[in-house]
$ cat coords_10.csv   # CSV, C-alpha atoms
chain,number,residue,atom,x,y,z
A,1,MET,CA,-71.4,115.4,13.7
A,2,LYS,CA,-72.7,118.9,14.5
A,3,PHE,CA,-73.1,121.4,11.7
A,4,GLN,CA,-73.0,125.1,12.5
A,5,PRO,CA,-75.4,127.4,10.8
A,6,SER,CA,-74.3,130.6,9.0
A,7,ASP,CA,-74.2,133.9,10.8
A,8,ALA,CA,-77.2,134.9,8.8
A,9,MET,CA,-79.2,132.1,10.3
A,10,ASN,CA,-78.1,133.1,13.8
A,11,ARG,CA,-79.2,136.6,13.2
A,12,LEU,CA,-82.8,135.6,12.5
A,13,PRO,CA,-85.4,137.0,15.0
A,14,ASP,CA,-87.5,134.6,17.1
A,15,GLN,CA,-90.8,133.6,15.6
A,16,PHE,CA,-93.1,135.2,18.2
A,17,PHE,CA,-96.2,133.9,16.6
A,18,SER,CA,-95.2,130.3,16.4
A,19,GLY,CA,-95.3,130.3,20.2
A,20,LEU,CA,-98.8,131.8,20.1
A,21,ALA,CA,-100.0,129.2,17.6
A,22,GLY,CA,-98.6,126.5,20.0
A,23,LYS,CA,-100.6,127.9,22.9
A,24,VAL,CA,-103.8,127.9,20.9
A,25,GLN,CA,-103.2,124.4,19.6
A,26,ARG,CA,-102.6,123.0,23.1
A,27,LYS,CA,-105.9,124.5,24.3
A,28,ILE,CA,-107.7,123.0,21.4
A,29,GLU,CA,-106.1,119.6,22.0
A,30,ALA,CA,-107.2,119.8,25.6
A,31,GLY,CA,-110.8,120.0,24.4
A,32,TYR,CA,-111.5,123.7,24.6
A,33,ASP,CA,-113.6,125.6,22.1
A,34,VAL,CA,-111.2,128.3,21.1
A,35,ILE,CA,-112.3,131.3,19.1
A,36,ASN,CA,-109.0,132.0,17.3
A,37,LEU,CA,-108.9,135.7,16.5
A,38,GLY,CA,-105.1,135.8,16.5
A,39,GLN,CA,-104.4,134.5,13.1
A,40,GLY,CA,-104.1,136.3,9.7
A,41,ASN,CA,-105.2,133.5,7.5
A,42,PRO,CA,-108.4,134.2,5.4
A,43,ASP,CA,-111.2,131.9,6.4
A,44,LYS,CA,-113.2,131.8,3.1
A,45,PRO,CA,-112.3,129.6,0.1
A,46,THR,CA,-110.9,130.9,-3.2
A,47,PRO,CA,-113.8,131.9,-5.5
A,48,ALA,CA,-115.0,129.0,-7.6
A,49,HIS,CA,-114.3,130.5,-11.0
A,50,ILE,CA,-110.6,130.8,-10.1
A,51,VAL,CA,-110.5,127.2,-8.8
A,52,ASP,CA,-112.2,126.0,-12.0
A,53,ALA,CA,-109.5,127.8,-14.1
A,54,LEU,CA,-106.8,126.0,-12.1
A,55,LYS,CA,-108.5,122.7,-12.8
A,56,ARG,CA,-108.6,123.4,-16.5
A,57,GLU,CA,-105.1,124.7,-16.7
A,58,ALA,CA,-103.7,121.7,-14.7
A,59,GLU,CA,-104.8,119.4,-17.5
A,60,ASN,CA,-102.9,121.4,-20.1
A,61,PRO,CA,-99.6,119.5,-20.8
A,62,LEU,CA,-97.9,122.9,-21.5
A,63,ASN,CA,-98.2,123.7,-17.8
A,64,HIS,CA,-96.4,120.5,-16.9
A,65,LYS,CA,-93.2,121.9,-18.2
A,66,TYR,CA,-90.9,124.5,-16.7
A,67,SER,CA,-92.6,127.9,-16.9
A,68,PRO,CA,-90.5,130.8,-18.3
A,69,PHE,CA,-87.9,131.8,-15.6
A,70,GLN,CA,-89.5,135.2,-15.1
A,71,GLY,CA,-93.1,134.1,-15.4
A,72,ARG,CA,-95.8,134.2,-17.9
A,73,ARG,CA,-96.3,137.4,-19.8
A,74,GLU,CA,-100.1,136.8,-19.6
A,75,LEU,CA,-99.9,137.1,-15.8
A,76,LYS,CA,-97.8,140.2,-15.9
A,77,ALA,CA,-100.3,141.8,-18.4
A,78,ALA,CA,-103.1,140.7,-16.1
A,79,ILE,CA,-101.8,142.5,-13.0
A,80,ALA,CA,-101.1,145.6,-15.2
A,81,HIS,CA,-104.7,145.4,-16.3
A,82,TRP,CA,-105.9,145.2,-12.7
A,83,TYR,CA,-103.9,148.2,-11.6
A,84,LYS,CA,-105.1,150.3,-14.6
A,85,GLN,CA,-108.8,149.3,-14.0
A,86,GLU,CA,-108.9,149.3,-10.2
A,87,ARG,CA,-106.3,152.0,-9.3
A,88,GLY,CA,-105.8,154.1,-12.5
A,89,VAL,CA,-102.0,153.2,-12.5
A,90,THR,CA,-100.2,152.4,-15.8
A,91,LEU,CA,-97.6,149.6,-15.7
A,92,ASP,CA,-95.4,148.2,-18.4
A,93,PRO,CA,-95.8,144.4,-18.0
A,94,ASP,CA,-92.3,143.8,-19.6
A,95,THR,CA,-90.2,146.1,-17.4
A,96,GLU,CA,-92.2,147.1,-14.4
A,97,VAL,CA,-93.7,143.8,-13.1
A,98,ALA,CA,-91.9,140.9,-11.4
A,99,ILE,CA,-93.8,137.8,-10.3
A,100,LEU,CA,-93.1,136.7,-6.7
A,101,PHE,CA,-93.6,133.5,-4.8
A,102,GLY,CA,-96.0,135.3,-2.5
A,103,GLY,CA,-95.6,138.7,-1.0
A,104,LYS,CA,-93.7,137.5,2.0
A,105,ALA,CA,-90.9,135.9,0.0
A,106,GLY,CA,-90.6,139.1,-2.1
A,107,LEU,CA,-90.3,141.3,1.0
A,108,VAL,CA,-87.5,139.1,2.4
A,109,GLU,CA,-85.7,138.9,-0.9
A,110,LEU,CA,-85.6,142.7,-1.3
A,111,SER,CA,-83.4,143.1,1.8
A,112,ASN,CA,-81.0,140.5,0.4
A,113,ILE,CA,-80.9,142.2,-3.0
A,114,PHE,CA,-80.3,145.8,-1.7
A,115,LEU,CA,-78.7,145.7,1.8
A,116,ASN,CA,-75.1,145.1,2.6
A,117,PRO,CA,-74.0,144.4,6.2
A,118,GLY,CA,-74.4,147.5,8.2
A,119,ASP,CA,-76.8,149.3,5.8
A,120,VAL,CA,-79.7,151.0,7.4
A,121,CYS,CA,-83.3,150.1,6.7
A,122,LEU,CA,-86.2,152.2,8.0
A,123,VAL,CA,-88.9,149.9,9.4
A,124,PRO,CA,-92.4,150.6,10.8
A,125,ASP,CA,-93.0,149.8,14.5
A,126,PRO,CA,-95.4,148.1,15.0
A,127,GLY,CA,-95.1,146.3,11.7
A,128,TYR,CA,-95.0,142.9,9.9
A,129,PRO,CA,-92.2,140.9,11.5
A,130,ASP,CA,-90.9,139.4,8.3
A,131,TYR,CA,-89.4,142.8,7.4
A,132,TRP,CA,-87.1,142.2,10.3
A,133,SER,CA,-86.3,138.7,9.0
A,134,GLY,CA,-85.0,140.0,5.6
A,135,VAL,CA,-83.0,142.8,7.2
A,136,ALA,CA,-81.4,140.3,9.6
A,137,MET,CA,-80.5,137.9,6.9
A,138,ALA,CA,-78.8,140.6,4.9
A,139,GLY,CA,-76.9,141.9,8.0
A,140,GLY,CA,-78.6,145.3,7.8
A,141,VAL,CA,-79.4,147.6,10.7
A,142,MET,CA,-83.1,148.5,11.4
A,143,GLU,CA,-84.1,152.0,12.5
A,144,MET,CA,-87.6,151.9,13.7
A,145,MET,CA,-90.3,154.5,12.7
A,146,PRO,CA,-92.9,154.6,15.5
A,147,LEU,CA,-96.6,154.4,14.4
A,148,ARG,CA,-98.6,156.1,17.1
A,149,GLU,CA,-102.3,156.5,17.5
A,150,GLU,CA,-102.1,160.3,17.8
A,151,ASN,CA,-100.6,160.4,14.3
A,152,GLU,CA,-103.2,158.0,12.8
A,153,PHE,CA,-100.5,155.2,12.9
A,154,LEU,CA,-98.5,157.0,10.2
A,155,PRO,CA,-94.7,157.6,10.7
A,156,ASP,CA,-93.6,161.2,11.2
A,157,PHE,CA,-90.7,161.7,8.8
A,158,SER,CA,-89.7,164.9,10.6
A,159,GLN,CA,-88.8,162.8,13.6
A,160,ILE,CA,-86.2,160.8,11.7
A,161,SER,CA,-82.8,162.3,12.6
A,162,PRO,CA,-80.7,163.8,9.7
A,163,ASP,CA,-78.0,161.2,10.4
A,164,VAL,CA,-80.3,158.3,10.1
A,165,ALA,CA,-81.9,159.7,7.0
A,166,ARG,CA,-78.5,160.2,5.4
A,167,ARG,CA,-77.5,156.6,6.1
A,168,ALA,CA,-80.8,154.9,5.3
A,169,LYS,CA,-80.8,152.9,2.1
A,170,MET,CA,-84.3,151.3,2.2
A,171,MET,CA,-87.7,151.9,3.8
A,172,PHE,CA,-90.6,149.6,4.3
A,173,LEU,CA,-94.2,151.0,4.5
A,174,ASN,CA,-97.5,149.0,4.6
A,175,TYR,CA,-100.9,150.5,4.1
A,176,PRO,CA,-103.6,149.4,4.8
A,177,ASN,CA,-101.5,148.5,7.8
A,178,ASN,CA,-100.9,145.2,9.6
A,179,PRO,CA,-101.4,145.3,12.5
A,180,THR,CA,-103.1,148.7,13.1
A,181,GLY,CA,-105.6,148.7,10.2
A,182,ALA,CA,-104.6,152.3,9.3
A,183,VAL,CA,-105.0,153.6,5.8
A,184,ALA,CA,-102.6,156.0,4.0
A,185,THR,CA,-103.8,159.4,2.8
A,186,PRO,CA,-102.7,161.1,-0.4
A,187,ALA,CA,-100.9,163.7,1.7
A,188,PHE,CA,-98.9,161.0,3.5
A,189,ILE,CA,-98.0,159.3,0.2
A,190,GLU,CA,-96.7,162.7,-1.1
A,191,ALA,CA,-94.6,163.1,2.1
A,192,ALA,CA,-93.2,159.6,1.8
A,193,VAL,CA,-92.2,159.9,-1.8
A,194,LYS,CA,-90.6,163.3,-1.2
A,195,PHE,CA,-88.7,162.1,1.8
A,196,CYS,CA,-87.3,159.1,0.0
A,197,ARG,CA,-86.5,161.1,-3.1
A,198,ASP,CA,-84.7,163.8,-1.1
A,199,HIS,CA,-82.6,161.2,0.8
A,200,GLU,CA,-82.2,158.6,-2.1
A,201,ILE,CA,-84.0,155.9,-0.1
A,202,LEU,CA,-85.6,152.9,-1.9
A,203,LEU,CA,-89.2,152.9,-0.9
A,204,ILE,CA,-90.9,149.5,-0.6
A,205,HIS,CA,-94.7,149.7,-0.1
A,206,ASP,CA,-96.4,146.5,1.1
A,207,TYR,CA,-99.9,146.7,-0.4
A,208,ALA,CA,-101.1,143.3,0.7
A,209,TYR,CA,-104.4,144.6,2.0
A,210,GLY,CA,-104.9,147.1,-0.8
A,211,ALA,CA,-108.3,145.8,-1.7
A,212,ILE,CA,-109.8,146.0,1.8
A,213,GLY,CA,-111.0,149.5,2.7
A,214,PHE,CA,-114.1,150.5,4.6
A,215,ASP,CA,-116.6,153.4,4.8
A,216,GLY,CA,-116.5,154.0,1.1
A,217,VAL,CA,-112.7,154.6,1.1
A,218,THR,CA,-110.5,152.8,-1.5
A,219,PRO,CA,-107.0,152.4,0.0
A,220,PRO,CA,-104.7,154.3,-2.4
A,221,SER,CA,-101.8,152.6,-4.1
A,222,PHE,CA,-98.4,154.4,-3.7
A,223,LEU,CA,-98.0,154.0,-7.4
A,224,SER,CA,-100.8,156.5,-7.9
A,225,HIS,CA,-98.2,159.2,-7.1
A,226,PRO,CA,-96.6,160.4,-10.3
A,227,ASP,CA,-93.1,160.1,-8.9
A,228,ALA,CA,-93.6,156.8,-7.1
A,229,LYS,CA,-91.8,154.7,-9.7
A,230,ASP,CA,-88.7,156.9,-9.4
A,231,VAL,CA,-88.3,156.0,-5.7
A,232,GLY,CA,-89.4,152.4,-5.4
A,233,ILE,CA,-91.9,149.6,-5.8
A,234,GLU,CA,-95.1,148.3,-4.5
A,235,VAL,CA,-95.5,144.7,-3.4
A,236,TYR,CA,-99.0,143.2,-4.1
A,237,THR,CA,-100.4,139.7,-3.4
A,238,LEU,CA,-103.5,137.7,-4.4
A,239,SER,CA,-103.6,136.2,-0.9
A,240,LYS,CA,-106.0,138.6,0.7
A,241,THR,CA,-107.9,140.0,-2.3
A,242,TYR,CA,-109.0,136.5,-3.6
A,243,ASN,CA,-108.5,134.3,-0.6
A,244,MET,CA,-105.5,132.7,-2.3
A,245,ALA,CA,-103.1,132.7,0.6
A,246,GLY,CA,-102.0,129.1,-0.1
A,247,TRP,CA,-101.4,129.7,-3.8
A,248,ARG,CA,-98.3,132.0,-3.2
A,249,VAL,CA,-98.8,134.5,-5.9
A,250,GLY,CA,-97.4,138.0,-5.5
A,251,PHE,CA,-95.9,140.9,-7.5
A,252,ALA,CA,-93.3,143.6,-7.3
A,253,LEU,CA,-94.4,146.6,-9.3
A,254,GLY,CA,-92.9,149.9,-10.3
A,255,ASN,CA,-89.2,150.9,-10.7
A,256,ALA,CA,-87.8,149.1,-13.7
A,257,ASP,CA,-84.3,148.8,-12.2
A,258,VAL,CA,-85.6,147.2,-9.0
A,259,VAL,CA,-87.8,144.9,-11.0
A,260,ARG,CA,-84.8,143.8,-13.1
A,261,LEU,CA,-82.7,143.0,-10.1
A,262,ILE,CA,-85.6,141.0,-8.5
A,263,ASN,CA,-85.9,139.0,-11.7
A,264,LEU,CA,-82.1,138.4,-11.7
A,265,TYR,CA,-82.1,137.3,-8.1
A,266,GLN,CA,-85.0,134.9,-8.6
A,267,ASP,CA,-83.4,133.5,-11.7
A,268,HIS,CA,-80.8,131.9,-9.3
A,269,TYR,CA,-83.5,130.5,-7.0
A,270,PHE,CA,-86.6,129.6,-9.0
A,271,VAL,CA,-88.0,128.5,-12.3
A,272,SER,CA,-91.2,130.6,-11.7
A,273,LEU,CA,-94.6,129.4,-10.5
A,274,PHE,CA,-96.5,126.4,-11.7
A,275,GLY,CA,-98.0,127.5,-15.0
A,276,ALA,CA,-101.6,126.4,-14.1
A,277,ILE,CA,-101.5,128.7,-11.0
A,278,GLN,CA,-100.2,131.6,-13.1
A,279,MET,CA,-103.1,131.2,-15.6
A,280,ALA,CA,-105.7,130.8,-12.9
A,281,SER,CA,-104.3,134.0,-11.4
A,282,VAL,CA,-104.9,135.6,-14.8
A,283,GLU,CA,-108.6,134.6,-14.4
A,284,ALA,CA,-108.7,136.2,-10.9
A,285,LEU,CA,-107.3,139.5,-12.1
A,286,THR,CA,-109.2,139.9,-15.4
A,287,ALA,CA,-112.6,138.4,-14.6
A,288,SER,CA,-115.4,140.3,-12.8
A,289,GLN,CA,-114.2,141.7,-9.5
A,290,GLN,CA,-117.6,141.4,-7.8
A,291,CYS,CA,-116.1,138.6,-5.6
A,292,VAL,CA,-113.6,141.2,-4.3
A,293,TYR,CA,-116.2,143.8,-3.6
A,294,ASP,CA,-118.3,141.2,-1.8
A,295,LEU,CA,-115.4,140.1,0.3
A,296,CYS,CA,-114.6,143.7,1.3
A,297,ALA,CA,-118.3,144.2,2.2
A,298,MET,CA,-118.2,141.0,4.3
A,299,TYR,CA,-115.1,142.2,6.3
A,300,GLU,CA,-116.7,145.6,6.8
A,301,SER,CA,-119.8,144.0,8.2
A,302,ARG,CA,-117.7,141.8,10.5
A,303,ARG,CA,-115.8,144.9,11.6
A,304,ASN,CA,-119.0,146.6,12.5
A,305,THR,CA,-120.3,143.6,14.4
A,306,LEU,CA,-117.1,143.2,16.4
A,307,TYR,CA,-116.8,146.9,17.4
A,308,GLY,CA,-120.5,147.2,18.1
A,309,ALA,CA,-120.3,144.2,20.5
A,310,LEU,CA,-117.1,145.5,22.1
A,311,HIS,CA,-118.5,149.0,22.6
A,312,ARG,CA,-121.6,147.5,24.3
A,313,ILE,CA,-119.4,145.7,26.9
A,314,GLY,CA,-117.3,148.9,27.5
A,315,TRP,CA,-114.2,148.1,25.4
A,316,LYS,CA,-113.8,151.3,23.5
A,317,ALA,CA,-111.7,151.7,20.4
A,318,ARG,CA,-112.1,153.5,17.0
A,319,PRO,CA,-113.0,151.1,14.2
A,320,THR,CA,-110.1,150.4,11.8
A,321,PRO,CA,-110.5,151.8,8.3
A,322,GLY,CA,-108.8,149.0,6.4
A,323,SER,CA,-107.3,145.5,6.4
A,324,PHE,CA,-109.1,142.6,8.1
A,325,PHE,CA,-107.7,143.4,11.6
A,326,ALA,CA,-108.9,145.3,14.6
A,327,TRP,CA,-106.3,147.0,16.8
A,328,LEU,CA,-107.5,147.3,20.4
A,329,PRO,CA,-106.0,148.8,23.6
A,330,VAL,CA,-105.5,146.5,26.5
A,331,PRO,CA,-107.1,147.3,29.9
A,332,ALA,CA,-105.1,148.9,32.7
A,333,GLY,CA,-102.9,146.5,34.6
A,334,TYR,CA,-102.0,144.2,31.7
A,335,SER,CA,-99.3,144.0,29.1
A,336,SER,CA,-100.3,143.0,25.6
A,337,ALA,CA,-98.8,139.5,26.2
A,338,SER,CA,-100.3,139.0,29.7
A,339,PHE,CA,-103.7,140.1,28.4
A,340,ALA,CA,-103.6,137.8,25.4
A,341,ASP,CA,-102.7,134.9,27.8
A,342,PHE,CA,-105.6,135.9,30.1
A,343,LEU,CA,-108.1,135.9,27.3
A,344,LEU,CA,-107.0,132.5,26.1
A,345,ASP,CA,-106.9,130.9,29.5
A,346,GLU,CA,-110.1,132.4,30.9
A,347,ALA,CA,-112.3,133.0,27.8
A,348,GLN,CA,-110.8,130.7,25.2
A,349,VAL,CA,-110.4,133.7,22.9
A,350,ALA,CA,-107.1,133.9,21.1
A,351,VAL,CA,-105.7,137.4,20.1
A,352,ALA,CA,-102.3,138.5,19.0
A,353,PRO,CA,-100.2,140.5,21.5
A,354,GLY,CA,-99.2,143.9,20.0
A,355,VAL,CA,-95.7,143.6,21.2
A,356,GLY,CA,-95.1,140.8,18.7
A,357,PHE,CA,-95.2,143.5,16.0
A,358,GLY,CA,-92.6,145.7,17.8
A,359,VAL,CA,-92.0,147.8,20.9
A,360,GLN,CA,-94.7,150.4,19.9
A,361,GLY,CA,-97.3,147.6,19.7
A,362,GLU,CA,-97.2,147.2,23.5
A,363,GLY,CA,-100.5,148.2,25.0
A,364,TYR,CA,-102.6,146.7,22.1
A,365,VAL,CA,-103.8,143.4,20.8
A,366,ARG,CA,-104.6,142.5,17.2
A,367,VAL,CA,-107.9,140.8,16.4
A,368,GLY,CA,-108.5,139.2,13.1
A,369,LEU,CA,-111.9,139.5,11.4
A,370,LEU,CA,-111.5,136.0,10.2
A,371,VAL,CA,-114.4,134.1,11.7
A,372,ASP,CA,-118.1,134.7,11.0
A,373,GLU,CA,-120.2,137.3,12.8
A,374,PRO,CA,-121.9,135.0,15.3
A,375,ARG,CA,-118.4,133.8,16.5
A,376,LEU,CA,-117.2,137.4,16.8
A,377,ALA,CA,-120.3,138.3,18.9
A,378,GLU,CA,-119.7,135.2,21.0
A,379,ALA,CA,-116.1,136.2,21.6
A,380,ALA,CA,-117.3,139.6,22.8
A,381,GLU,CA,-119.8,137.9,25.1
A,382,ARG,CA,-117.1,135.6,26.6
A,383,ILE,CA,-114.9,138.6,27.3
A,384,HIS,CA,-117.8,140.5,28.8
A,385,LYS,CA,-118.2,137.7,31.4
A,386,LEU,CA,-114.7,138.5,32.6
A,387,ARG,CA,-115.9,141.9,33.8
A,388,LEU,CA,-112.8,143.7,32.6
A,389,PHE,CA,-114.4,146.9,31.4
A,390,GLU,CA,-116.8,147.8,34.2
$ encode --input "coords_10.csv" --output "structure tokens"
Amino acid sequence: MKFQPSDAMNRLPDQFFSGLAGKVQRKIEAGYDVINLGQGNPDKPTPAHIVDALKREAENPLNHKYSPFQGRRELKAAIAHWYKQERGVTLDPDTEVAILFGGKAGLVELSNIFLNPGDVCLVPDPGYPDYWSGVAMAGGVMEMMPLREENEFLPDFSQISPDVARRAKMMFLNYPNNPTGAVATPAFIEAAVKFCRDHEILLIHDYAYGAIGFDGVTPPSFLSHPDAKDVGIEVYTLSKTYNMAGWRVGFALGNADVVRLINLYQDHYFVSLFGAIQMASVEALTASQQCVYDLCAMYESRRNTLYGALHRIGWKARPTPGSFFAWLPVPAGYSSASFADFLLDEAQVAVAPGVGFGVQGEGYVRVGLLVDEPRLAEAAERIHKLRLFE
């Protein structure tokens, strides 16, 4: 028998990065020492005090039962505490916080909750490809917002046509940005909130890298704007802040009606996260944040090492102000994909082609700051031997 998938499954975009991962793995299996800078997976372990909390909580029989459908109030209160302490934002744990099974799942869910077939969603280009996945599942229509270097990789809302603005129902934004590393400014936040309020567009801000800013700059939360809760939500995750990518803990924060609908949707899918993970996450959010500050300092040091080494070999680019990525222009004569293949084949250095993040990503590659500094310097030296920038 042959079973036919639904139309929603057939609409899903190709997973560009699964092909990249396969190329890297084949190189490794062939015996090559690959420096993998193409991934977005934190390389350090979860801090010990969080792991210890998980061990304790795993032994508590109360955590062996179903958790409350919409999650532990302790965890909702903990993320509200973090936002108040770290960003000066006040949240009601009971009405303005939804617990997600990781930020990725939440971002995909939102399209299914709010988009009908044919509804328009404004999406950054380049941007995180799973925005596309959710819109495709819902049968929505994407209208791309170009992120260009001359505009600091921020979308220009004045370039969105009145017809598209009128039809748009939802917008994704993401700062600090994956893949460009750009950081939003207060003026941009003001413009985004005003545009969405004026056109009645649900704003979804992906704040996954919100703890990682450099040069003394704290990346602002969209919720810091006084009208932000009126127009949307912010999606936060513990994956990057605490090296908890495998734990799958995220949050949707802000507009109470949106939070209510997320909880309703998830009631039909899940019975919340394992209670021990939730309580260990409380420890992460309410204990000393020195581990977060140290992690950010480590990424800044890695960034400085990488860009310093690249500039010495003639590969010029402005250092990214946030996230744990570098966004680098490819040399003349290459596309982003052909240059990534060339580096992997000739230098055994893996990078992510910018085109995998959208049409506007052509001409760039994304490099992860997710290996230690000696390996970053070695990657630059391997590239130097190819004599691409002389």
$ atom_distance --input "coords_10.csv" --atom1 "atom CA of A:Leu264" --atom2 "atom CA of A:Leu173"
23.8 Å
$ atom_distance --input "coords_10.csv" --atom1 "atom CA of A:Gly322" --atom2 "atom CA of A:Leu223"
18.2 Å
$ closest_residue --input "coords_10.csv" --among "A:Pro146, A:Gly254, A:Gly361, A:Gly333" --to "A:Pro124" --atoms "all atoms listed in the file"
A:Pro146
$ residues_around --input "coords_10.csv" --residues "A:Gly181" --least-positions-apart "4" --cutoff "7 Å" --atoms "only C-alpha atoms" --output "number ranges by chain"
A: 176-177, 320-323, 325-327
$ atom_distance --input "coords_10.csv" --atom1 "atom CA of A:Gly127" --atom2 "atom CA of A:Ala182"
11.5 Å
$ residues_around --input "coords_10.csv" --residues "A:Leu306" --least-positions-apart "5" --cutoff "10 Å" --atoms "all atoms listed in the file" --output "list in words"
Glu300, Ser301, His311, Pro319, Ala326, Val367, Leu369, Glu373, Pro374, Arg375, Leu376, Ala377, Glu378, Ala379 and Ala380 of chain A
$ closest_residue --input "coords_10.csv" --among "A:Arg56, A:Lys2, A:Arg260, A:Arg11" --to "A:Leu110" --atoms "all atoms listed in the file"
A:Arg260
$ residues_around --input "coords_10.csv" --residues "A:Gly103" --least-positions-apart "6" --cutoff "12 Å" --atoms "all atoms listed in the file" --output "PyMOL selection string"
chain A and resi 109-110+128+130-131+174+204-209+234-240+244-253
